>>> print(open('work.pdb').read())   # PDB, C-alpha atoms
ATOM      1  CA  MET J   1      22.084 -17.088  -9.848
ATOM      2  CA  GLY J   2      21.389 -13.881  -7.949
ATOM      3  CA  GLY J   3      23.834 -11.153  -7.172
ATOM      4  CA  PRO J   4      24.960 -10.174  -3.676
ATOM      5  CA  ILE J   5      22.318  -9.565  -1.022
ATOM      6  CA  VAL J   6      21.716  -5.816  -1.146
ATOM      7  CA  PRO J   7      18.070  -5.164  -0.219
ATOM      8  CA  TYR J   8      16.321  -2.343  -2.050
ATOM      9  CA  VAL J   9      12.922  -1.123  -0.845
ATOM     10  CA  ARG J  10      10.713  -0.284  -3.834
ATOM     11  CA  ASP J  11       7.437   0.507  -2.106
ATOM     12  CA  ALA J  12       6.177   0.467   1.478
ATOM     13  CA  SER J  13       2.955   1.471   3.155
ATOM     14  CA  SER J  14       0.466   0.636   5.916
ATOM     15  CA  PRO J  15      -2.924   0.683   4.178
ATOM     16  CA  VAL J  16      -6.102   0.833   6.240
ATOM     17  CA  ARG J  17      -8.792  -0.758   4.090
ATOM     18  CA  THR J  18     -12.332  -2.047   4.099
ATOM     19  CA  ALA J  19     -12.978  -5.324   2.250
ATOM     20  CA  TRP J  20     -10.424  -5.565  -0.590
ATOM     21  CA  TYR J  21      -9.072  -7.959  -3.195
ATOM     22  CA  THR J  22      -5.916  -8.147  -5.322
ATOM     23  CA  ALA J  23      -6.505  -9.994  -8.580
ATOM     24  CA  PRO J  24      -4.079 -12.729  -9.732
ATOM     25  CA  ARG J  25      -0.580 -11.464 -10.442
ATOM     26  CA  CYS J  26       3.078 -12.521 -10.513
ATOM     27  CA  LEU J  27       5.595 -10.192  -8.884
ATOM     28  CA  LEU J  28       9.086  -9.358 -10.037
ATOM     29  CA  ASP J  29      10.193  -8.628  -6.481
ATOM     30  CA  TYR J  30       9.454  -9.771  -2.923
ATOM     31  CA  LEU J  31       6.419  -8.766  -0.891
ATOM     32  CA  LEU J  32       6.553  -8.815   2.910
ATOM     33  CA  MET J  33       3.212  -8.306   4.666
ATOM     34  CA  TYR J  34       2.192  -8.032   8.296
ATOM     35  CA  VAL J  35      -1.430  -8.341   9.374
ATOM     36  CA  GLN J  36      -1.684  -5.673  12.040
ATOM     37  CA  GLU J  37      -5.463  -5.791  12.331
ATOM     38  CA  GLY J  38      -8.142  -7.984  10.790
ATOM     39  CA  GLU J  39      -7.699 -11.107   8.689
ATOM     40  CA  MET J  40      -6.204 -11.809   5.266
ATOM     41  CA  ILE J  41      -6.446 -14.704   2.823
ATOM     42  CA  ALA J  42      -3.652 -15.476   0.357
ATOM     43  CA  GLN J  43      -3.867 -17.967  -2.503
ATOM     44  CA  VAL J  44      -0.309 -18.763  -3.586
ATOM     45  CA  GLU J  45       0.344 -21.211  -6.406
ATOM     46  CA  GLY J  46      -3.068 -22.796  -5.778
ATOM     47  CA  ARG J  47      -2.648 -23.156  -2.023
ATOM     48  CA  GLY J  48      -4.720 -21.173   0.475
ATOM     49  CA  HIS J  49      -3.264 -19.459   3.537
ATOM     50  CA  SER J  50      -5.243 -17.664   6.238
ATOM     51  CA  PHE J  51      -3.631 -14.911   8.294
ATOM     52  CA  ARG J  52      -4.801 -13.438  11.576
ATOM     53  CA  ALA J  53      -3.617 -10.296  13.319
ATOM     54  CA  GLY J  54       0.044 -10.623  14.315
ATOM     55  CA  GLU J  55       1.038 -12.969  11.476
ATOM     56  CA  PHE J  56       3.453 -12.487   8.575
ATOM     57  CA  CYS J  57       3.242 -13.295   4.867
ATOM     58  CA  LEU J  58       5.965 -13.613   2.209
ATOM     59  CA  ILE J  59       5.193 -13.614  -1.515
ATOM     60  CA  GLN J  60       8.267 -14.509  -3.567
ATOM     61  CA  PRO J  61       9.038 -13.430  -7.157
ATOM     62  CA  GLY J  62       7.142 -15.286  -9.859
ATOM     63  CA  GLU J  63       4.558 -16.815  -7.504
ATOM     64  CA  LEU J  64       1.027 -16.643  -8.895
ATOM     65  CA  HIS J  65      -1.118 -15.304  -6.084
ATOM     66  CA  THR J  66      -4.193 -13.416  -4.983
ATOM     67  CA  LEU J  67      -4.690 -11.483  -1.761
ATOM     68  CA  GLU J  68      -7.936 -10.682   0.007
ATOM     69  CA  GLY J  69      -9.080  -8.853   3.094
ATOM     70  CA  PRO J  70     -12.675  -9.987   3.732
ATOM     71  CA  ALA J  71     -13.299  -7.136   6.199
ATOM     72  CA  ASN J  72     -11.522  -4.111   7.664
ATOM     73  CA  THR J  73      -7.759  -4.589   7.810
ATOM     74  CA  ILE J  74      -4.466  -2.853   8.459
ATOM     75  CA  THR J  75      -1.787  -4.695   6.470
ATOM     76  CA  PRO J  76       1.629  -2.985   6.397
ATOM     77  CA  TYR J  77       3.754  -4.174   3.479
ATOM     78  CA  VAL J  78       7.191  -3.801   1.931
ATOM     79  CA  HIS J  79       7.997  -4.490  -1.737
ATOM     80  CA  LEU J  80      11.708  -5.074  -2.087
ATOM     81  CA  ASP J  81      14.507  -6.619  -4.076
ATOM     82  CA  VAL J  82      16.728  -8.871  -1.970
ATOM     83  CA  PHE J  83      19.527  -9.398  -4.505
ATOM     84  CA  TYR J  84      21.414  -6.631  -6.235
ATOM     85  CA  HIS J  85      20.475  -5.837  -9.815
ATOM     86  CA  PRO J  86      22.003  -2.890 -11.697
ATOM     87  CA  ALA J  87      18.644  -1.985 -13.241
ATOM     88  CA  ARG J  88      16.653  -2.254 -10.011
ATOM     89  CA  GLU J  89      15.552   1.376 -10.131
ATOM     90  CA  ARG J  90      13.785   0.680 -13.447
ATOM     91  CA  SER J  91      11.870  -2.298 -12.062
ATOM     92  CA  PHE J  92       8.379  -1.833 -10.660
ATOM     93  CA  VAL J  93       5.600  -3.294  -8.517
ATOM     94  CA  VAL J  94       3.416  -5.492 -10.719
ATOM     95  CA  ARG J  95      -0.170  -4.262 -10.733
ATOM     96  CA  SER J  96      -3.206  -6.297  -9.718
ATOM     97  CA  GLY J  97      -4.303  -8.662 -12.509
ATOM     98  CA  MET J  98      -0.923  -8.792 -14.292
ATOM     99  CA  VAL J  99      -0.023 -12.474 -14.665
ATOM    100  CA  ASP J 100       2.045 -12.456 -17.845
ATOM    101  CA  VAL J 101       5.515 -11.113 -17.041
ATOM    102  CA  SER J 102       7.177 -12.495 -20.147
ATOM    103  CA  GLY J 103       9.717 -10.053 -21.499
ATOM    104  CA  LEU J 104      10.482  -8.861 -17.954
ATOM    105  CA  GLU J 105      12.693 -11.783 -16.945
ATOM    106  CA  GLY J 106      15.635  -9.432 -16.649
ATOM    107  CA  PHE J 107      13.957  -7.723 -13.713
ATOM    108  CA  MET J 108      12.779 -10.918 -12.010
ATOM    109  CA  GLN J 109      14.437 -11.515  -8.664
ATOM    110  CA  PRO J 110      15.526 -15.115  -7.938
ATOM    111  CA  ARG J 111      13.765 -17.048  -5.182
ATOM    112  CA  LEU J 112      15.491 -17.296  -1.814
ATOM    113  CA  ASP J 113      15.909 -21.070  -1.971
ATOM    114  CA  GLU J 114      17.487 -20.870  -5.434
ATOM    115  CA  VAL J 115      20.338 -18.698  -4.180
ATOM    116  CA  THR J 116      20.648 -19.294  -0.446
ATOM    117  CA  GLY J 117      19.261 -22.818  -0.125
ATOM    118  CA  VAL J 118      16.901 -21.555   2.583
ATOM    119  CA  THR J 119      13.210 -22.339   2.127
ATOM    120  CA  VAL J 120      10.929 -19.739   3.712
ATOM    121  CA  PRO J 121       7.191 -20.543   3.732
ATOM    122  CA  THR J 122       4.466 -18.127   2.665
ATOM    123  CA  LYS J 123       3.221 -17.961   6.246
ATOM    124  CA  PHE J 124       6.439 -17.466   8.159
ATOM    125  CA  VAL J 125       7.296 -16.889  11.803
ATOM    126  CA  PRO J 126      10.483 -14.884  12.518
ATOM    127  CA  LEU J 127      12.700 -15.908  15.416
ATOM    128  CA  ASN J 128      11.742 -12.695  17.182
ATOM    129  CA  PRO J 129       8.296 -11.670  15.899
ATOM    130  CA  ALA J 130       8.038  -8.473  17.955
ATOM    131  CA  GLN J 131      11.440  -7.172  16.841
ATOM    132  CA  PHE J 132      10.779  -8.157  13.218
ATOM    133  CA  ARG J 133       7.415  -6.366  13.302
ATOM    134  CA  ASP J 134       8.837  -3.219  14.875
ATOM    135  CA  THR J 135      11.697  -3.070  12.369
ATOM    136  CA  MET J 136       9.329  -3.634   9.476
ATOM    137  CA  LEU J 137       7.026  -0.832  10.636
ATOM    138  CA  LYS J 138      10.020   1.455  11.148
ATOM    139  CA  THR J 139      11.239   0.633   7.639
ATOM    140  CA  ILE J 140       7.866   1.636   6.201
ATOM    141  CA  GLY J 141       7.701   4.877   8.166
ATOM    142  CA  ILE J 142      11.209   5.954   7.211
ATOM    143  CA  TRP J 143      10.811   5.001   3.534
ATOM    144  CA  GLN J 144       7.709   7.165   3.304
ATOM    145  CA  ARG J 145       9.761  10.257   4.121
ATOM    146  CA  ARG J 146      10.887   9.909   0.493
ATOM    147  CA  ASP J 147      14.178  11.707   0.984
ATOM    148  CA  PHE J 148      17.680  10.440   0.312
ATOM    149  CA  LEU J 149      18.567   9.629   3.929
ATOM    150  CA  GLY J 150      15.189   8.012   4.519
ATOM    151  CA  ARG J 151      15.606   5.720   1.536
ATOM    152  CA  LEU J 152      19.148   4.848   2.588
ATOM    153  CA  GLU J 153      18.059   3.969   6.127
ATOM    154  CA  SER J 154      15.090   1.961   4.880
ATOM    155  CA  HIS J 155      17.429  -0.165   2.720
ATOM    156  CA  TYR J 156      19.660  -0.648   5.765
ATOM    157  CA  LEU J 157      16.738  -1.767   7.933
ATOM    158  CA  ALA J 158      15.523  -4.086   5.175
ATOM    159  CA  THR J 159      18.904  -5.819   5.334
ATOM    160  CA  GLY J 160      18.117  -6.716   8.927
ATOM    161  CA  LEU J 161      14.696  -8.062   7.919
ATOM    162  CA  VAL J 162      16.257 -10.296   5.270
ATOM    163  CA  LEU J 163      18.900 -11.487   7.735
ATOM    164  CA  TRP J 164      16.298 -12.450  10.352
ATOM    165  CA  LEU J 165      14.166 -14.118   7.708
ATOM    166  CA  LEU J 166      17.037 -16.312   6.573
ATOM    167  CA  GLN J 167      18.174 -17.018  10.139
ATOM    168  CA  SER J 168      14.662 -18.121  11.058
ATOM    169  CA  TYR J 169      14.686 -20.932   8.511
ATOM    170  CA  SER J 170      18.353 -21.797   8.092
ATOM    171  CA  ARG J 171      19.686 -25.073   9.407
ATOM    172  CA  GLY J 172      21.328 -23.289  12.322
ATOM    173  CA  SER J 173      18.111 -21.645  13.515
ATOM    174  CA  ALA J 174      17.677 -24.227  16.273
ATOM    175  CA  ASP J 175      20.950 -23.040  17.802
ATOM    176  CA  LEU J 176      19.694 -19.441  17.754
ATOM    177  CA  GLN J 177      16.545 -20.505  19.594
ATOM    178  CA  ASP J 178      18.645 -21.790  22.478
ATOM    179  CA  ARG J 179      20.418 -18.485  23.000
ATOM    180  CA  PRO J 180      19.378 -16.552  26.136
ATOM    181  CA  GLU J 181      18.257 -13.482  24.181
ATOM    182  CA  PHE J 182      15.899 -15.443  21.921
ATOM    183  CA  LEU J 183      12.815 -14.915  24.120
ATOM    184  CA  ASN J 184      13.550 -11.408  25.396
ATOM    185  CA  TRP J 185      10.349 -10.173  23.726
ATOM    186  CA  ILE J 186       7.979 -12.679  25.341
ATOM    187  CA  THR J 187       7.579 -11.009  28.743
ATOM    188  CA  SER J 188       6.501  -7.751  27.099
ATOM    189  CA  PHE J 189       4.104  -9.709  24.907
ATOM    190  CA  MET J 190       2.605 -11.403  27.967
ATOM    191  CA  SER J 191       2.263  -8.124  29.845
ATOM    192  CA  LEU J 192       0.469  -6.502  26.920
ATOM    193  CA  HIS J 193      -1.993  -9.393  26.613
ATOM    194  CA  LEU J 194      -2.812 -10.219  30.242
ATOM    195  CA  SER J 195      -6.520  -9.703  29.616
ATOM    196  CA  GLU J 196      -6.553 -12.310  26.853
ATOM    197  CA  PRO J 197      -6.830 -16.115  27.212
ATOM    198  CA  LEU J 198      -3.210 -16.864  26.282
ATOM    199  CA  SER J 199      -2.137 -20.482  26.150
ATOM    200  CA  VAL J 200       1.295 -22.035  25.848
ATOM    201  CA  SER J 201       0.325 -23.082  22.326
ATOM    202  CA  ASP J 202      -0.498 -19.468  21.431
ATOM    203  CA  MET J 203       2.875 -18.227  22.631
ATOM    204  CA  ALA J 204       4.758 -21.141  21.061
ATOM    205  CA  ALA J 205       3.170 -20.387  17.682
ATOM    206  CA  ARG J 206       4.345 -16.760  17.863
ATOM    207  CA  ALA J 207       7.859 -17.963  18.678
ATOM    208  CA  GLY J 208       7.785 -20.448  15.800
ATOM    209  CA  LEU J 209       8.279 -23.455  18.079
ATOM    210  CA  SER J 210       6.306 -26.481  19.140
ATOM    211  CA  ALA J 211       4.613 -26.147  22.531
ATOM    212  CA  SER J 212       6.993 -28.631  24.141
ATOM    213  CA  ARG J 213      10.147 -26.998  22.773
ATOM    214  CA  PHE J 214       8.862 -23.537  23.647
ATOM    215  CA  SER J 215       8.219 -24.652  27.240
ATOM    216  CA  ARG J 216      11.728 -26.068  27.530
ATOM    217  CA  VAL J 217      13.435 -22.980  26.054
ATOM    218  CA  PHE J 218      11.261 -20.685  28.181
ATOM    219  CA  SER J 219      11.969 -22.593  31.395
ATOM    220  CA  ASN J 220      15.696 -22.513  30.716
ATOM    221  CA  ARG J 221      15.536 -18.767  30.123
ATOM    222  CA  PHE J 222      13.224 -17.680  32.963
ATOM    223  CA  GLY J 223      13.482 -20.464  35.535
ATOM    224  CA  ARG J 224       9.829 -21.506  35.482
ATOM    225  CA  PRO J 225       7.306 -22.870  32.956
ATOM    226  CA  PRO J 226       5.474 -20.318  30.795
ATOM    227  CA  HIS J 227       2.031 -20.924  32.311
ATOM    228  CA  GLN J 228       3.417 -20.270  35.801
ATOM    229  CA  PHE J 229       5.245 -17.149  34.633
ATOM    230  CA  LEU J 230       2.060 -15.822  33.012
ATOM    231  CA  LEU J 231       0.076 -16.555  36.156
ATOM    232  CA  HIS J 232       2.703 -14.715  38.225
ATOM    233  CA  LEU J 233       2.395 -11.639  35.968
ATOM    234  CA  ARG J 234      -1.394 -11.709  36.273
ATOM    235  CA  ILE J 235      -1.308 -11.943  40.046
ATOM    236  CA  GLN J 236       1.268  -9.152  40.276
ATOM    237  CA  ARG J 237      -0.890  -6.943  38.087
ATOM    238  CA  ALA J 238      -4.033  -7.738  40.076
ATOM    239  CA  GLN J 239      -2.298  -6.970  43.371
ATOM    240  CA  ASP J 240      -0.981  -3.687  41.993
ATOM    241  CA  LEU J 241      -4.471  -2.654  40.878
ATOM    242  CA  LEU J 242      -5.980  -3.740  44.193
ATOM    243  CA  HIS J 243      -3.554  -1.632  46.219
ATOM    244  CA  HIS J 244      -3.273   1.437  44.016
ATOM    245  CA  THR J 245      -6.592   1.905  42.240
ATOM    246  CA  SER J 246     -10.274   2.040  43.063
ATOM    247  CA  LEU J 247     -11.247  -0.283  40.241
ATOM    248  CA  THR J 248     -14.016  -2.765  40.937
ATOM    249  CA  MET J 249     -13.290  -6.464  41.253
ATOM    250  CA  GLN J 250     -14.911  -7.024  37.857
ATOM    251  CA  GLU J 251     -12.693  -4.429  36.195
ATOM    252  CA  ILE J 252      -9.561  -5.878  37.770
ATOM    253  CA  SER J 253     -10.588  -9.387  36.761
ATOM    254  CA  ASP J 254     -11.118  -8.254  33.173
ATOM    255  CA  GLN J 255      -7.764  -6.448  32.967
ATOM    256  CA  CYS J 256      -5.815  -9.357  34.412
ATOM    257  CA  GLY J 257      -7.458 -12.201  32.493
ATOM    258  CA  PHE J 258      -9.315 -13.642  35.462
ATOM    259  CA  ARG J 259     -12.908 -14.760  35.494
ATOM    260  CA  MET J 260     -14.897 -13.038  38.219
ATOM    261  CA  SER J 261     -15.573 -15.575  40.963
ATOM    262  CA  THR J 262     -16.160 -15.620  44.690
ATOM    263  CA  THR J 263     -13.774 -18.524  45.067
ATOM    264  CA  SER J 264     -10.985 -18.159  42.550
ATOM    265  CA  PRO J 265      -9.860 -16.188  39.491
ATOM    266  CA  ARG J 266      -9.639 -17.750  36.081
ATOM    267  CA  ARG J 267      -6.470 -19.609  35.389
ATOM    268  CA  SER J 268      -4.546 -19.683  32.162
ATOM    269  CA  ARG J 269      -5.771 -22.491  29.940
ATOM    270  CA  ASP J 270      -2.423 -24.213  30.391
ATOM    271  CA  SER J 271      -1.993 -23.511  34.073
ATOM    272  CA  PRO J 272      -2.616 -26.161  36.762
ATOM    273  CA  VAL J 273      -1.832 -23.644  39.488
ATOM    274  CA  ARG J 274      -4.630 -21.958  41.479
ATOM    275  CA  PRO J 275      -3.518 -18.418  42.457
ATOM    276  CA  GLN J 276      -4.343 -16.373  45.524
ATOM    277  CA  VAL J 277      -7.915 -15.099  45.394
ATOM    278  CA  PRO J 278      -7.899 -11.339  44.644
ATOM    279  CA  THR J 279     -10.937 -10.890  46.915
ATOM    280  CA  ALA J 280      -8.890 -12.139  49.840
ATOM    281  CA  ALA J 281      -6.061  -9.767  48.995
ATOM    282  CA  ARG J 282      -8.368  -6.767  49.036
ATOM    283  CA  THR J 283     -10.052  -7.954  52.259
ATOM    284  CA  SER J 284      -6.631  -8.359  53.872
ATOM    285  CA  ARG J 285      -5.615  -4.837  52.822
ATOM    286  CA  HIS J 286      -8.739  -3.304  54.359
ATOM    287  CA  ALA J 287      -8.185  -5.249  57.588
ATOM    288  CA  GLU J 288      -4.718  -3.735  57.955
ATOM    289  CA  ARG J 289      -6.077  -0.183  57.964
TER
END
>>> encode(input="work.pdb", output="structure tokens")
Amino acid sequence: MGGPIVPYVRDASSPVRTAWYTAPRCLLDYLLMYVQEGEMIAQVEGRGHSFRAGEFCLIQPGELHTLEGPANTITPYVHLDVFYHPARERSFVVRSGMVDVSGLEGFMQPRLDEVTGVTVPTKFVPLNPAQFRDTMLKTIGIWQRRDFLGRLESHYLATGLVLWLLQSYSRGSADLQDRPEFLNWITSFMSLHLSEPLSVSDMAARAGLSASRFSRVFSNRFGRPPHQFLLHLRIQRAQDLLHHTSLTMQEISDQCGFRMSTTSPRRSRDSPVRPQVPTAARTSRHAER
């Protein structure tokens, strides 16, 4: 059995790397990773997992694994103990290629499911991905100050990461998903990705829900289906650019995720609604002058 949950950050960084590979190893502690840019491949206990930008990875203690970035990547990570151990300061990050950890059992952290009963997959989706990411990146930045207060605050922030991780996969997580604040991050995410071909499935995957459940939770929270809300944001942005900039129609179409057309802009892949034509909006504005 593990001791009390008292997270301890052992190492943290945001490496920017060209193609790289971590040889087989078994860790004594936990490894949280976030793929900020590029792609990553993890082989964990013989099973392959592919990660794209914006996705999270968890390697638990004792899991035989390899990690690979086939091209340029930015992969922030945190090595940490989750459960208190009096000798934690003498433990270490297992190097690449070290598989045999016999004789180090005293430093081996227990798995989450062994102590908490919560099973967290290698490729996990937090309840609030944006908040989890931001807290993880803040933890890394503060830990790298390498002073007493920085270390203390990084351990504090790591406690929040562990809490959200367990909440995301505990039996009561469905209740959390129905709370009004659950999707507070999604409108900012939409606004930052208006130029991209977002679908309901894309957004549901980031929220860790099925498309149908995501649509229901979203509609309850914002009063309209997600594809209509996204379309509304795109139209608002296009109208703002039409009235306050001298951008060309092509530039506006690109920024707002519309396909340039003389009849209609591109709709979201999930949207059955045909919006107002931006060309008509600009023509109407010139007529009023």
>>> residues_near_point(input="work.pdb", point="(0.0, -12.0, 34.8)", cutoff="8 Å", atoms="all atoms listed in the file", output="PDB file with C-alpha atoms, in the frame of the given file")
ATOM      1  CA  MET J 190       2.605 -11.403  27.967  1.00  0.00           C
ATOM      2  CA  SER J 191       2.263  -8.124  29.845  1.00  0.00           C
ATOM      3  CA  LEU J 194      -2.812 -10.219  30.242  1.00  0.00           C
ATOM      4  CA  PHE J 229       5.245 -17.149  34.633  1.00  0.00           C
ATOM      5  CA  LEU J 230       2.060 -15.822  33.012  1.00  0.00           C
ATOM      6  CA  LEU J 231       0.076 -16.555  36.156  1.00  0.00           C
ATOM      7  CA  HIS J 232       2.703 -14.715  38.225  1.00  0.00           C
ATOM      8  CA  LEU J 233       2.395 -11.639  35.968  1.00  0.00           C
ATOM      9  CA  ARG J 234      -1.394 -11.709  36.273  1.00  0.00           C
ATOM     10  CA  ILE J 235      -1.308 -11.943  40.046  1.00  0.00           C
ATOM     11  CA  GLN J 236       1.268  -9.152  40.276  1.00  0.00           C
ATOM     12  CA  ARG J 237      -0.890  -6.943  38.087  1.00  0.00           C
ATOM     13  CA  ALA J 238      -4.033  -7.738  40.076  1.00  0.00           C
ATOM     14  CA  CYS J 256      -5.815  -9.357  34.412  1.00  0.00           C
ATOM     15  CA  GLY J 257      -7.458 -12.201  32.493  1.00  0.00           C
TER      16      GLY J 257
END
>>> resolve_selection(input="work.pdb", expression="the PyMOL selection byres ((chain J and resi 79-93) around 8)", output="count of residues only")
25
>>> atom_distance(input="work.pdb", atom1="CA of Arg221 (chain J)", atom2="CA of Leu183 (chain J)")
7.6 Å
>>> atom_distance(input="work.pdb", atom1="CA of Ile74 (chain J)", atom2="CA of Pro15 (chain J)")
5.8 Å
>>> atom_distance(input="work.pdb", atom1="CA of Ile140 (chain J)", atom2="CA of Gln43 (chain J)")
24.4 Å
>>> closest_residue(input="work.pdb", among="J:Thr139, J:Thr122, J:Ser170, J:Gln36", to="Gln60 (chain J)", atoms="only C-alpha atoms")
J:Thr122
>>> resolve_selection(input="work.pdb", expression="the PyMOL selection byres ((chain J and resi 35) around 8)", output="MDAnalysis selection string")
chainID J and resid 33:34 36:40 51:56 73:76
>>> residues_around(input="work.pdb", residues="Phe124 (chain J)", least_positions_apart="3", cutoff="10 Å", atoms="all atoms listed in the file", output="list in words")
Glu55, Phe56, Cys57, Leu58, Val120, Pro121, Leu127, Pro129, Leu165, Ser168, Tyr169, Arg206 and Gly208 of chain J
>>> residues_near_point(input="work.pdb", point="(7.1, -23.9, 36.1)", cutoff="12 Å", atoms="only C-alpha atoms", output="ChimeraX atom specification")
/J:200,215-232,270-273
>>> axis_aligned_box(input="work.pdb", around="region 233-240 of chain J", padding_each_side="5 Å", output="JSON")
{"center_x": -0.8, "center_y": -7.8, "center_z": 39.7, "size_x": 16.4, "size_y": 18.3, "size_z": 17.4}
>>> resolve_selection(input="work.pdb", expression="the PyMOL selection byres ((chain J and resi 118) around 9)", output="list in words")
Leu112, Asp113, Glu114, Val115, Thr116, Gly117, Thr119, Val120, Leu166, Gln167, Tyr169, Ser170 and Arg171 of chain J
>>> residues_around(input="work.pdb", residues="Met98 (chain J)", least_positions_apart="6", cutoff="9 Å", atoms="all atoms listed in the file", output="list in words")
Ala23, Pro24, Arg25, Cys26 and Leu27 of chain J
>>> closest_residue(input="work.pdb", among="J:Met108, J:Leu192, J:Leu137, J:Leu247", to="Glu63 (chain J)", atoms="only C-alpha atoms")
J:Met108
>>> closest_residue(input="work.pdb", among="J:Ala158, J:Asn128, J:Phe189, J:Ser50", to="Ile142 (chain J)", atoms="only C-alpha atoms")
J:Ala158
>>> closest_residue(input="work.pdb", among="J:Gln250, J:Ser201, J:Ser154, J:Ser14", to="Thr135 (chain J)", atoms="all atoms listed in the file")
J:Ser154
>>> decode(input="work.pdb", residues="region 59-124 of chain J", atoms="C-alpha atoms", output="compact mmCIF listing (two decimals), in the first residue's frame")
# COMPACT_ATOMS: atom_id res chain seq x y z
CA ILE J 59 3.60 6.41 -17.69
CA GLN J 60 3.12 4.69 -14.33
CA PRO J 61 5.84 3.16 -12.11
CA GLY J 62 7.16 -0.20 -13.24
CA GLU J 63 5.68 -0.02 -16.75
CA LEU J 64 8.11 -1.18 -19.42
CA HIS J 65 8.01 1.47 -22.12
CA THR J 66 9.74 3.28 -24.94
CA LEU J 67 9.10 6.81 -26.16
CA GLU J 68 9.76 8.25 -29.60
CA GLY J 69 9.40 11.54 -31.38
CA PRO J 70 9.69 10.77 -35.12
CA ALA J 71 10.18 14.45 -36.00
CA ASN J 72 10.46 17.84 -34.30
CA THR J 73 8.55 17.97 -31.02
CA ILE J 74 7.93 20.02 -27.91
CA THR J 75 6.96 17.61 -25.12
CA PRO J 76 6.74 19.16 -21.64
CA TYR J 77 7.02 16.55 -18.90
CA VAL J 78 6.89 16.14 -15.13
CA HIS J 79 8.50 13.27 -13.21
CA LEU J 80 6.87 12.98 -9.83
CA ASP J 81 6.04 10.80 -6.87
CA VAL J 82 2.33 10.77 -6.06
CA PHE J 83 2.51 8.98 -2.71
CA TYR J 84 4.67 10.05 0.20
CA HIS J 85 7.88 8.15 0.79
CA PRO J 86 10.40 9.22 3.46
CA ALA J 87 13.33 8.51 1.14
CA ARG J 88 11.86 10.27 -1.89
CA GLU J 89 14.72 12.75 -2.12
CA ARG J 90 17.13 9.84 -2.67
CA SER J 91 15.08 8.38 -5.51
CA PHE J 92 15.87 9.30 -9.11
CA VAL J 93 14.65 9.37 -12.70
CA VAL J 94 15.54 6.06 -14.34
CA ARG J 95 17.78 6.59 -17.35
CA SER J 96 17.02 5.46 -20.89
CA GLY J 97 17.75 1.74 -21.36
CA MET J 98 17.47 0.80 -17.67
CA VAL J 99 14.97 -2.07 -17.45
CA ASP J 100 16.23 -3.97 -14.42
CA VAL J 101 15.18 -2.09 -11.28
CA SER J 102 15.64 -5.02 -8.92
CA GLY J 103 17.07 -3.86 -5.63
CA LEU J 104 15.23 -0.54 -5.97
CA GLU J 105 11.80 -1.79 -4.91
CA GLY J 106 11.95 0.44 -1.87
CA PHE J 107 11.82 3.49 -4.11
CA MET J 108 9.12 2.15 -6.45
CA GLN J 109 5.89 4.12 -6.26
CA PRO J 110 2.66 2.06 -6.26
CA ARG J 111 0.33 2.30 -9.25
CA LEU J 112 -2.71 4.55 -8.95
CA ASP J 113 -5.21 1.70 -9.27
CA GLU J 114 -3.47 -0.30 -6.54
CA VAL J 115 -4.02 2.42 -3.96
CA THR J 116 -6.96 4.51 -5.15
CA GLY J 117 -8.89 1.99 -7.24
CA VAL J 118 -8.89 4.49 -10.11
CA THR J 119 -7.62 3.23 -13.46
CA VAL J 120 -6.05 5.97 -15.59
CA PRO J 121 -5.09 5.01 -19.16
CA THR J 122 -1.74 5.80 -20.77
CA LYS J 123 -3.46 8.19 -23.16
CA PHE J 124 -5.68 10.16 -20.82
